[in-house]
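Below is the file model.cif, which contains mmCIF, C-alpha atoms.
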```cif
data_final
#
loop_
_atom_site.label_atom_id
_atom_site.label_comp_id
_atom_site.auth_asym_id
_atom_site.auth_seq_id
_atom_site.Cartn_x
_atom_site.Cartn_y
_atom_site.Cartn_z
CA MET A 184 64.92 61.85 63.19
CA ARG A 185 67.13 58.97 64.30
CA ALA A 186 69.64 59.90 61.57
CA ALA A 187 69.62 63.53 62.66
CA SER A 188 70.14 62.59 66.31
CA LEU A 189 73.00 60.27 65.41
CA PHE A 190 74.64 62.99 63.34
CA ILE A 191 74.44 65.56 66.16
CA VAL A 192 75.98 63.14 68.65
CA THR A 193 78.70 62.13 66.17
CA VAL A 194 79.83 65.66 65.28
CA PHE A 195 79.74 66.71 68.93
CA LEU A 196 82.05 63.86 69.89
CA MET A 197 84.35 64.75 66.99
CA ALA A 198 84.50 68.39 68.02
CA VAL A 199 85.32 67.49 71.63
CA CYS A 200 87.56 64.47 71.15
CA VAL A 201 89.41 64.71 67.83
CA PRO A 202 92.83 66.35 68.38
CA SER A 203 93.33 67.19 64.70
CA GLU A 204 91.95 69.92 62.05
CA LEU A 205 90.84 71.34 58.89
CA LEU A 206 86.12 75.98 58.18
CA ALA A 207 83.25 77.44 59.49
CA GLN A 208 81.15 78.89 56.71
CA GLU A 209 79.16 81.46 58.56
CA ALA A 210 76.09 82.87 56.90
CA ARG A 211 76.25 83.39 53.11
CA GLU A 212 79.99 83.75 52.91
CA PRO A 213 81.91 81.97 50.17
CA VAL A 214 84.79 79.85 51.45
CA PRO A 215 86.42 82.06 54.06
CA PRO A 216 90.16 81.56 54.49
CA PRO A 217 90.59 78.82 57.13
CA SER A 218 93.08 80.93 59.06
CA SER A 219 90.46 83.60 59.75
CA VAL A 220 87.63 81.66 61.35
CA ALA A 221 87.64 80.56 64.99
CA GLY A 222 90.87 82.31 65.94
CA GLU A 223 89.74 85.68 64.61
CA GLN A 224 86.39 85.36 66.37
CA ALA A 225 88.20 84.83 69.63
CA LYS A 226 90.50 87.81 69.03
CA GLY A 227 87.51 89.99 68.24
CA ALA A 228 85.92 89.03 71.53
CA GLU A 229 89.00 90.10 73.48
CA GLU A 230 89.90 93.35 71.68
CA PRO A 231 89.35 96.43 73.91
CA GLY A 232 88.32 98.70 71.00
CA VAL A 233 86.20 98.47 67.89
CA VAL A 234 87.70 96.15 65.26
CA THR A 235 86.56 96.84 61.69
CA THR A 236 87.29 94.70 58.65
CA GLY A 237 86.38 95.17 55.01
CA SER A 238 86.83 92.65 52.22
CA ILE A 239 85.94 91.93 48.63
CA GLY A 240 86.08 88.53 46.96
CA PHE A 241 86.12 87.52 43.29
CA TYR A 242 85.00 83.97 42.42
CA ASN A 243 83.99 81.79 39.48
CA GLN A 244 80.71 80.88 41.21
CA TYR A 245 78.77 81.41 44.40
CA MET A 246 78.50 78.28 46.56
CA PHE A 247 76.25 78.19 49.61
CA ARG A 248 75.97 75.01 51.68
CA GLY A 249 76.72 72.89 48.64
CA TYR A 250 74.17 74.68 46.44
CA GLN A 251 75.44 76.25 43.22
CA ILE A 252 74.07 79.79 42.96
CA GLY A 253 75.27 81.22 39.67
CA LYS A 254 77.90 79.80 37.31
CA ASP A 255 80.16 80.74 34.38
CA SER A 256 80.25 84.29 35.67
CA LEU A 257 82.39 86.65 37.69
CA ILE A 258 80.98 86.68 41.21
CA ILE A 259 81.84 89.68 43.40
CA GLN A 260 81.23 89.46 47.14
CA PRO A 261 81.85 92.57 49.30
CA SER A 262 81.61 92.48 53.09
CA LEU A 263 82.08 94.81 56.04
CA SER A 264 82.14 93.88 59.72
CA ALA A 265 82.69 95.58 63.06
CA SER A 266 83.14 94.01 66.50
CA TYR A 267 83.42 95.32 70.04
CA LYS A 268 83.97 93.23 73.15
CA GLY A 269 82.48 90.13 71.59
CA PHE A 270 79.56 91.85 69.85
CA SER A 271 79.70 91.84 66.04
CA ALA A 272 77.69 93.21 63.14
CA SER A 273 78.42 92.41 59.53
CA PHE A 274 77.12 93.07 56.04
CA TRP A 275 77.70 90.62 53.17
CA GLY A 276 76.67 90.95 49.54
CA ASN A 277 76.67 88.99 46.29
CA ILE A 278 76.95 90.47 42.80
CA ASP A 279 76.54 88.10 39.84
CA THR A 280 77.85 89.81 36.69
CA HIS A 281 76.05 87.43 34.29
CA GLU A 282 73.25 85.47 35.91
CA LYS A 283 72.63 81.94 34.64
CA ALA A 284 70.22 79.30 35.92
CA THR A 285 71.57 76.23 37.72
CA GLN A 286 69.98 73.15 39.31
CA ASN A 287 69.69 75.23 42.51
CA PHE A 288 69.17 78.76 41.21
CA THR A 289 66.63 80.76 39.20
CA PRO A 290 68.11 84.17 38.29
CA ASP A 291 66.15 87.36 38.84
CA ARG A 292 67.93 89.06 35.87
CA PRO A 293 68.95 86.28 33.43
CA GLY A 294 72.05 87.15 31.41
CA ARG A 295 72.49 90.46 33.23
CA THR A 296 74.32 91.81 36.26
CA SER A 297 72.42 91.58 39.53
CA PHE A 298 73.21 92.62 43.09
CA ASN A 299 71.04 89.71 44.15
CA GLU A 300 71.80 89.33 47.85
CA ALA A 301 72.57 91.53 50.85
CA ASP A 302 72.73 89.87 54.28
CA LEU A 303 73.02 91.21 57.80
CA THR A 304 74.49 89.20 60.69
CA LEU A 305 74.43 90.15 64.38
CA SER A 306 76.30 87.98 66.88
CA TYR A 307 78.00 87.70 70.25
CA THR A 308 81.05 85.58 71.05
CA TYR A 309 82.14 84.53 74.53
CA VAL A 310 85.63 83.09 75.00
CA LEU A 311 86.42 80.71 77.83
CA ASN A 312 89.98 79.40 77.83
CA LYS A 313 90.31 77.50 74.53
CA TRP A 314 86.57 77.52 73.84
CA SER A 315 84.58 80.11 71.90
CA PHE A 316 80.78 80.20 72.05
CA THR A 317 78.86 82.27 69.50
CA GLY A 318 75.17 83.01 69.12
CA GLY A 319 73.65 85.14 66.40
CA TYR A 320 70.95 86.18 63.98
CA ILE A 321 71.10 86.37 60.16
CA TYR A 322 68.75 88.23 57.83
CA TYR A 323 68.98 87.05 54.21
CA ASN A 324 67.84 89.72 51.74
CA THR A 325 67.69 87.73 48.49
CA LYS A 326 66.21 88.65 45.11
CA TYR A 327 66.29 85.17 43.57
CA MET A 328 64.31 83.49 46.36
CA ASP A 329 62.13 84.50 49.30
CA GLU A 330 63.89 86.48 52.01
CA THR A 331 64.40 84.57 55.21
CA GLN A 332 65.89 84.67 58.73
CA GLU A 333 68.01 82.34 60.83
CA PHE A 334 69.26 82.06 64.37
CA TYR A 335 72.45 80.13 64.96
CA GLY A 336 74.88 78.98 67.62
CA SER A 337 78.40 77.62 67.35
CA VAL A 338 81.17 76.29 69.55
CA SER A 339 84.86 76.30 68.60
CA TRP A 340 87.80 74.58 70.25
CA ASP A 341 91.12 76.38 69.83
CA VAL A 342 93.36 73.36 69.31
CA PHE A 343 95.02 71.98 66.21
CA ALA A 344 92.36 71.94 63.45
CA LYS A 345 90.09 74.32 65.42
CA PRO A 346 86.97 72.12 65.18
CA THR A 347 83.82 74.22 65.02
CA LEU A 348 80.27 72.92 65.31
CA SER A 349 77.55 75.31 64.08
CA ILE A 350 73.78 74.83 64.16
CA TYR A 351 71.42 77.09 62.18
CA ARG A 352 67.64 77.32 62.48
CA ASP A 353 65.58 78.98 59.73
CA VAL A 354 62.54 80.60 61.33
CA ALA A 355 60.87 82.17 58.30
CA SER A 356 60.60 81.00 54.68
CA TYR A 357 62.44 77.66 54.84
CA PRO A 358 61.93 76.18 58.34
CA GLY A 359 64.57 73.63 59.15
CA TRP A 360 67.96 72.90 60.69
CA TYR A 361 71.40 73.09 59.13
CA ILE A 362 74.28 71.52 61.07
CA ASN A 363 77.89 72.08 60.04
CA LEU A 364 81.18 70.69 61.35
CA SER A 365 84.24 72.54 60.09
CA LEU A 366 87.99 72.16 60.51
CA ALA A 367 90.74 74.63 59.63
CA GLN A 368 94.49 74.87 59.99
CA SER A 369 97.19 77.22 58.68
CA PHE A 370 100.89 76.61 58.22
CA LYS A 371 103.56 79.23 57.56
CA VAL A 372 105.28 78.47 54.27
CA TYR A 373 107.41 81.56 53.63
CA LYS A 374 107.98 84.45 56.04
CA GLU A 375 104.43 85.62 56.90
CA VAL A 376 102.72 83.77 54.04
CA SER A 377 100.53 80.89 55.23
CA LEU A 378 99.01 77.83 53.61
CA ASP A 379 95.39 77.52 54.71
CA LEU A 380 93.64 74.14 54.65
CA GLY A 381 89.99 73.60 55.46
CA ALA A 382 87.13 71.14 55.40
CA ALA A 383 83.42 71.23 56.25
CA PHE A 384 80.70 68.57 56.49
CA SER A 385 76.99 69.20 56.94
CA TYR A 386 73.60 67.70 57.66
CA GLU A 387 70.35 69.35 56.54
CA LEU A 388 66.99 68.64 58.18
CA GLY A 389 63.91 70.30 56.71
CA THR A 390 60.86 70.73 58.94
CA GLY A 391 58.55 73.02 56.95
CA SER A 392 56.36 72.18 53.94
CA TYR A 393 58.95 73.72 51.61
CA TRP A 394 61.17 70.68 52.18
CA ASP A 395 58.70 68.05 50.87
CA THR A 396 60.63 65.74 48.53
CA TYR A 397 59.76 64.64 44.99
CA GLN A 398 57.67 61.47 44.52
CA ALA A 399 57.44 59.56 41.26
CA SER A 400 53.98 58.22 42.19
CA THR A 401 52.46 61.71 42.33
CA GLY A 402 54.82 63.54 39.98
CA ALA A 403 55.11 66.31 42.55
CA TYR A 404 56.83 67.35 45.78
CA THR A 405 54.58 65.40 48.11
CA GLY A 406 57.10 63.10 49.82
CA SER A 407 58.68 63.16 53.26
CA LYS A 408 60.75 66.15 54.37
CA TYR A 409 64.28 66.32 53.02
CA SER A 410 66.72 65.09 55.67
CA ALA A 411 70.20 63.95 54.71
CA PHE A 412 73.93 64.16 55.17
CA HIS A 413 74.18 67.08 52.81
CA SER A 414 77.41 68.63 51.53
CA GLY A 415 81.14 68.41 52.00
CA MET A 416 83.89 70.86 51.16
CA LEU A 417 87.70 70.70 51.04
CA SER A 418 89.69 73.87 50.51
CA ALA A 419 93.23 75.15 50.17
CA GLY A 420 94.48 78.69 49.93
CA LEU A 421 97.17 81.17 50.81
CA THR A 422 97.14 84.23 53.04
CA ILE A 423 99.59 86.77 51.66
CA PRO A 424 100.16 89.94 53.72
CA VAL A 425 100.77 92.93 51.44
CA THR A 426 100.96 95.32 54.39
CA LYS A 427 100.29 94.90 58.12
CA LYS A 428 96.60 95.59 57.45
CA PHE A 429 96.01 94.38 53.89
CA PHE A 430 95.89 90.70 52.90
CA VAL A 431 95.34 88.85 49.63
CA GLN A 432 93.95 85.31 49.87
CA PRO A 433 93.70 83.12 46.74
CA MET A 434 91.76 79.89 47.28
CA LEU A 435 90.45 76.72 45.64
CA ALA A 436 87.64 74.55 47.02
CA TRP A 437 86.01 71.26 46.04
CA TRP A 438 82.35 70.78 46.93
CA PHE A 439 80.62 67.40 46.90
CA PRO A 440 77.38 65.70 48.08
CA LEU A 441 77.68 63.60 51.22
CA SER A 442 74.87 61.15 50.49
CA ASN A 443 72.80 59.64 47.71
CA ASP A 444 69.80 61.71 48.79
CA ALA A 445 71.80 64.93 48.40
CA LYS A 446 72.53 64.19 44.72
CA LYS A 447 69.36 62.17 44.01
CA ARG A 448 67.03 62.80 41.07
CA VAL A 449 63.66 61.15 40.45
CA ASP A 450 62.37 61.06 36.86
CA GLY A 451 64.78 63.89 36.07
CA ASN A 452 63.58 66.03 38.98
CA SER A 453 65.64 66.83 42.05
CA TYR A 454 64.63 64.80 45.09
CA ASN A 455 65.60 67.79 47.24
CA PRO A 456 63.20 70.70 46.51
CA ALA A 457 66.13 73.14 46.72
CA GLY A 458 67.93 71.22 43.96
CA TYR A 459 70.39 68.34 43.83
CA LEU A 460 74.09 68.73 44.60
CA LYS A 461 76.97 68.32 42.15
CA TYR A 462 80.70 67.78 42.41
CA LEU A 463 82.02 71.30 41.80
CA TRP A 464 85.21 73.35 41.94
CA GLN A 465 85.19 76.91 43.23
CA GLY A 466 88.13 79.24 42.85
CA GLY A 467 88.88 82.87 43.47
CA VAL A 468 90.67 85.47 45.52
CA ASN A 469 89.65 87.50 48.56
CA CYS A 470 91.19 90.85 49.55
CA THR A 471 90.89 91.94 53.19
CA TYR A 472 91.73 95.19 54.94
CA ASN A 473 91.75 95.58 58.73
CA PHE A 474 91.03 99.19 59.70
#
```
Would it be possible to restate this file's structure as structure tokens?
Amino acid sequence: MRAASLFIVTVFLMAVCVPSELLAQEAREPVPPPSSVAGEQAKGAEEPGVVTTGSIGFYNQYMFRGYQIGKDSLIIQPSLSASYKGFSASFWGNIDTHEKATQNFTPDRPGRTSFNEADLTLSYTYVLNKWSFTGGYIYYNTKYMDETQEFYGSVSWDVFAKPTLSIYRDVASYPGWYINLSLAQSFKVYKEVSLDLGAAFSYELGTGSYWDTYQASTGAYTGSKYSAFHSGMLSAGLTIPVTKKFFVQPMLAWWFPLSNDAKKRVDGNSYNPAGYLKYLWQGGVNCTYNF
């Protein structure tokens, strides 16, 4: 608990005091383009009418909070969102065209195509000067693991690097806290084309029995709850406007464990019951249309 408290204080001070940037990974999204995170949330909160956005992403693997969910496959991730005066509702899905097991993932249809996740997020964003405050609820409809639910809150500071601190609380199948500090900044490189840079760093704190860690003495998950500086991510991409409403966004991200506990194995078994973390590259392209 002392480590968790220290982490919360540290990231809060960074978010308030650091005058520099790099992305908030809301819900089960892949790596969203850094240019579209805090700034777009703020715009959505101020728009007088309904703002609707649809997108579809194509990736080499699905990464969620440092966990590798699927690999060596074409991953397709459609999403649709609508916002009105700060209120937002969004759908997000994951299609694995050739499911394979990983250290974090047991496929529901091994070797076959599976629409294995469909999530719903409801949220409200309030903008005050350069600050954006968001609260929301996420329902995770997953086929490869138990369905679950989370509540979350985030605060973003609209300065260079747009630091965003997000805190998630699972209240169903996997009780625990997930804390994420993200940074994002875009630079115009040619006409309206932008270079998007991002980074994210997280801490995971399990509180339910699911998070019991592996013990060599018992040969089972009977240890203390998993609590560790968890995953990091660095990303780079481009936002290329094809029309005023249609954008293509290629990206590349590097994911890595932030601590020994995050990548730890005991007698060949993952110390973390959800699976150990690897150093992994994720690449792909996202296509977005604003209605």
| field | One-decimal distance in Å that lies between CA of Thr471 in chain A and CA of Thr236 in chain A | value |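 Separating CA of Thr236 in chain A from CA of Thr471 in chain A is a distance of 7.1 Å.
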| request: Quick one: everything within 10 Å of Trp438 in chain A, counting only C-alpha atoms, minus sequence neighbours fewer than 5 positions away in the same chain. Send it as a PyMOL selection string. | output: chain A and resi 246-251+382-384+414-418+460-465
Residues of the last selection are to be written out with C-alpha atoms, as a PDB file, in the frame of the given file.
```pdb
ATOM      1  CA  MET A 246      78.500  78.280  46.560  1.00  0.00           C
ATOM      2  CA  PHE A 247      76.250  78.190  49.610  1.00  0.00           C
ATOM      3  CA  ARG A 248      75.970  75.010  51.680  1.00  0.00           C
ATOM      4  CA  GLY A 249      76.720  72.890  48.640  1.00  0.00           C
ATOM      5  CA  TYR A 250      74.170  74.680  46.440  1.00  0.00           C
ATOM      6  CA  GLN A 251      75.440  76.250  43.220  1.00  0.00           C
ATOM      7  CA  ALA A 382      87.130  71.140  55.400  1.00  0.00           C
ATOM      8  CA  ALA A 383      83.420  71.230  56.250  1.00  0.00           C
ATOM      9  CA  PHE A 384      80.700  68.570  56.490  1.00  0.00           C
ATOM     10  CA  SER A 414      77.410  68.630  51.530  1.00  0.00           C
ATOM     11  CA  GLY A 415      81.140  68.410  52.000  1.00  0.00           C
ATOM     12  CA  MET A 416      83.890  70.860  51.160  1.00  0.00           C
ATOM     13  CA  LEU A 417      87.700  70.700  51.040  1.00  0.00           C
ATOM     14  CA  SER A 418      89.690  73.870  50.510  1.00  0.00           C
ATOM     15  CA  LEU A 460      74.090  68.730  44.600  1.00  0.00           C
ATOM     16  CA  LYS A 461      76.970  68.320  42.150  1.00  0.00           C
ATOM     17  CA  TYR A 462      80.700  67.780  42.410  1.00  0.00           C
ATOM     18  CA  LEU A 463      82.020  71.300  41.800  1.00  0.00           C
ATOM     19  CA  TRP A 464      85.210  73.350  41.940  1.00  0.00           C
ATOM     20  CA  GLN A 465      85.190  76.910  43.230  1.00  0.00           C
TER      21      GLN A 465
END
```
| said: I want to know what sits within 7 Å of Asp395 in chain A, based on only C-alpha atoms, with residues of the same chain fewer than 6 positions away left out; could you give that as a PyMOL selection string? | reply: chain A and resi 404-409+456
| query | Expressed in Å to a single decimal, how great is the separation between CA of Lys428 in chain A and CA of Gln368 in chain A? | reply |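 Those two atoms sit 21.0 Å apart.
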| request: Could you check which of A:Ser400, A:Ser266, A:Thr390, A:Ser369 is closest to Arg352 in chain A, using all atoms listed in the file? | output: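 Looking only at the distances to Arg352 in chain A, the closest residue turns out to be A:Thr390.
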| Nearest to Asp291 in chain A, chosen from A:Ser365, A:Thr331, A:Thr325, A:Thr401, with only C-alpha atoms counted in the distances | A:Thr325
| task | In the coordinate frame of the file, compute which residues have an atom within 6 Å of (76.0, 72.6, 64.0) when using all atoms listed in the file, and state them as a count of residues only. | result | 5
Once the PyMOL selection byres ((chain A and resi 306-317) around 7) has been evaluated on this model, what residues remain selected, and can you format them as a short mmCIF file (atom, residue, chain, number, x, y, z; two decimals) with C-alpha atoms, in the coordinates of the input?
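Okay, part.cif is ready:
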```
data_model
loop_
_atom_site.label_atom_id
_atom_site.label_comp_id
_atom_site.auth_asym_id
_atom_site.auth_seq_id
_atom_site.Cartn_x
_atom_site.Cartn_y
_atom_site.Cartn_z
CA ALA A 225 88.20 84.83 69.63
CA ALA A 228 85.92 89.03 71.53
CA GLY A 269 82.48 90.13 71.59
CA PHE A 270 79.56 91.85 69.85
CA SER A 271 79.70 91.84 66.04
CA ALA A 272 77.69 93.21 63.14
CA THR A 304 74.49 89.20 60.69
CA LEU A 305 74.43 90.15 64.38
CA GLY A 318 75.17 83.01 69.12
CA GLY A 319 73.65 85.14 66.40
CA TYR A 320 70.95 86.18 63.98
CA GLY A 336 74.88 78.98 67.62
CA SER A 337 78.40 77.62 67.35
CA VAL A 338 81.17 76.29 69.55
CA SER A 339 84.86 76.30 68.60
CA TRP A 340 87.80 74.58 70.25
CA ASP A 341 91.12 76.38 69.83
#
```
| said: What would the selection look like, as an MDAnalysis selection string, if the PyMOL selection byres ((chain A and resi 287) around 12) were run on the coordinates I just shared? | reply: chainID A and resid 245:254 283:286 288:290 327:328 446 452:461
| Explicit residue set for the PyMOL selection byres ((chain A and resi 233) around 7), as a list in words |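 Selected by the PyMOL selection byres ((chain A and resi 233) around 7) in this file: Gly232, Val234, Thr235, Ala265, Ser266 and Tyr267 of chain A.
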| message | Give me the residues near Ser377 in chain A as a PyMOL selection string, where near means some atom within 12 Å (using only C-alpha atoms) and where sequence neighbours in that chain fewer than 3 positions away do not count. | response | chain A and resi 216-219+368-374+380+419-424+430-434
Completion step: range 411-433 of chain A with N, CA and C atoms as a PDB file, keeping the file's coordinate frame:
```pdb
ATOM      1  N   ALA A 411      69.096  64.733  55.248  1.00  0.00           N
ATOM      2  CA  ALA A 411      70.200  63.950  54.710  1.00  0.00           C
ATOM      3  C   ALA A 411      71.548  64.531  55.125  1.00  0.00           C
ATOM      4  N   PHE A 412      72.570  63.661  55.169  1.00  0.00           N
ATOM      5  CA  PHE A 412      73.930  64.160  55.170  1.00  0.00           C
ATOM      6  C   PHE A 412      74.083  64.911  53.864  1.00  0.00           C
ATOM      7  N   HIS A 413      74.426  66.178  53.937  1.00  0.00           N
ATOM      8  CA  HIS A 413      74.180  67.080  52.810  1.00  0.00           C
ATOM      9  C   HIS A 413      75.418  67.340  51.950  1.00  0.00           C
ATOM     10  N   SER A 414      76.282  68.237  52.378  1.00  0.00           N
ATOM     11  CA  SER A 414      77.410  68.630  51.530  1.00  0.00           C
ATOM     12  C   SER A 414      78.727  68.531  52.271  1.00  0.00           C
ATOM     13  N   GLY A 415      79.790  68.378  51.475  1.00  0.00           N
ATOM     14  CA  GLY A 415      81.140  68.410  52.000  1.00  0.00           C
ATOM     15  C   GLY A 415      81.962  69.414  51.218  1.00  0.00           C
ATOM     16  N   MET A 416      83.028  69.898  51.819  1.00  0.00           N
ATOM     17  CA  MET A 416      83.890  70.860  51.160  1.00  0.00           C
ATOM     18  C   MET A 416      85.312  70.701  51.655  1.00  0.00           C
ATOM     19  N   LEU A 417      86.272  70.684  50.726  1.00  0.00           N
ATOM     20  CA  LEU A 417      87.700  70.700  51.040  1.00  0.00           C
ATOM     21  C   LEU A 417      88.295  71.919  50.370  1.00  0.00           C
ATOM     22  N   SER A 418      89.140  72.650  51.082  1.00  0.00           N
ATOM     23  CA  SER A 418      89.690  73.870  50.510  1.00  0.00           C
ATOM     24  C   SER A 418      91.166  74.031  50.825  1.00  0.00           C
ATOM     25  N   ALA A 419      91.826  74.789  49.966  1.00  0.00           N
ATOM     26  CA  ALA A 419      93.230  75.150  50.170  1.00  0.00           C
ATOM     27  C   ALA A 419      93.423  76.564  49.650  1.00  0.00           C
ATOM     28  N   GLY A 420      94.240  77.324  50.352  1.00  0.00           N
ATOM     29  CA  GLY A 420      94.480  78.690  49.930  1.00  0.00           C
ATOM     30  C   GLY A 420      95.743  79.238  50.569  1.00  0.00           C
ATOM     31  N   LEU A 421      96.033  80.478  50.245  1.00  0.00           N
ATOM     32  CA  LEU A 421      97.170  81.170  50.810  1.00  0.00           C
ATOM     33  C   LEU A 421      96.698  82.487  51.416  1.00  0.00           C
ATOM     34  N   THR A 422      97.314  82.888  52.507  1.00  0.00           N
ATOM     35  CA  THR A 422      97.140  84.230  53.040  1.00  0.00           C
ATOM     36  C   THR A 422      98.441  84.972  52.841  1.00  0.00           C
ATOM     37  N   ILE A 423      98.390  86.019  52.024  1.00  0.00           N
ATOM     38  CA  ILE A 423      99.590  86.770  51.660  1.00  0.00           C
ATOM     39  C   ILE A 423      99.463  88.200  52.181  1.00  0.00           C
ATOM     40  N   PRO A 424     100.227  88.569  53.211  1.00  0.00           N
ATOM     41  CA  PRO A 424     100.160  89.940  53.720  1.00  0.00           C
ATOM     42  C   PRO A 424     100.891  90.902  52.783  1.00  0.00           C
ATOM     43  N   VAL A 425     100.172  91.892  52.283  1.00  0.00           N
ATOM     44  CA  VAL A 425     100.770  92.930  51.440  1.00  0.00           C
ATOM     45  C   VAL A 425     101.320  94.051  52.319  1.00  0.00           C
ATOM     46  N   THR A 426     100.534  94.407  53.343  1.00  0.00           N
ATOM     47  CA  THR A 426     100.960  95.320  54.390  1.00  0.00           C
ATOM     48  C   THR A 426     100.526  94.702  55.713  1.00  0.00           C
ATOM     49  N   LYS A 427     100.716  95.415  56.813  1.00  0.00           N
ATOM     50  CA  LYS A 427     100.290  94.900  58.120  1.00  0.00           C
ATOM     51  C   LYS A 427      98.771  94.797  58.203  1.00  0.00           C
ATOM     52  N   LYS A 428      98.055  95.566  57.366  1.00  0.00           N
ATOM     53  CA  LYS A 428      96.600  95.590  57.450  1.00  0.00           C
ATOM     54  C   LYS A 428      95.896  95.025  56.217  1.00  0.00           C
ATOM     55  N   PHE A 429      96.641  94.823  55.136  1.00  0.00           N
ATOM     56  CA  PHE A 429      96.010  94.380  53.890  1.00  0.00           C
ATOM     57  C   PHE A 429      96.513  93.000  53.494  1.00  0.00           C
ATOM     58  N   PHE A 430      95.557  92.084  53.210  1.00  0.00           N
ATOM     59  CA  PHE A 430      95.890  90.700  52.900  1.00  0.00           C
ATOM     60  C   PHE A 430      95.206  90.258  51.613  1.00  0.00           C
ATOM     61  N   VAL A 431      95.910  89.448  50.837  1.00  0.00           N
ATOM     62  CA  VAL A 431      95.340  88.850  49.630  1.00  0.00           C
ATOM     63  C   VAL A 431      95.308  87.336  49.858  1.00  0.00           C
ATOM     64  N   GLN A 432      94.152  86.721  49.542  1.00  0.00           N
ATOM     65  CA  GLN A 432      93.950  85.310  49.870  1.00  0.00           C
ATOM     66  C   GLN A 432      93.362  84.542  48.680  1.00  0.00           C
ATOM     67  N   PRO A 433      94.206  84.000  47.798  1.00  0.00           N
ATOM     68  CA  PRO A 433      93.700  83.120  46.740  1.00  0.00           C
ATOM     69  C   PRO A 433      93.271  81.778  47.329  1.00  0.00           C
TER      70      PRO A 433
END
```
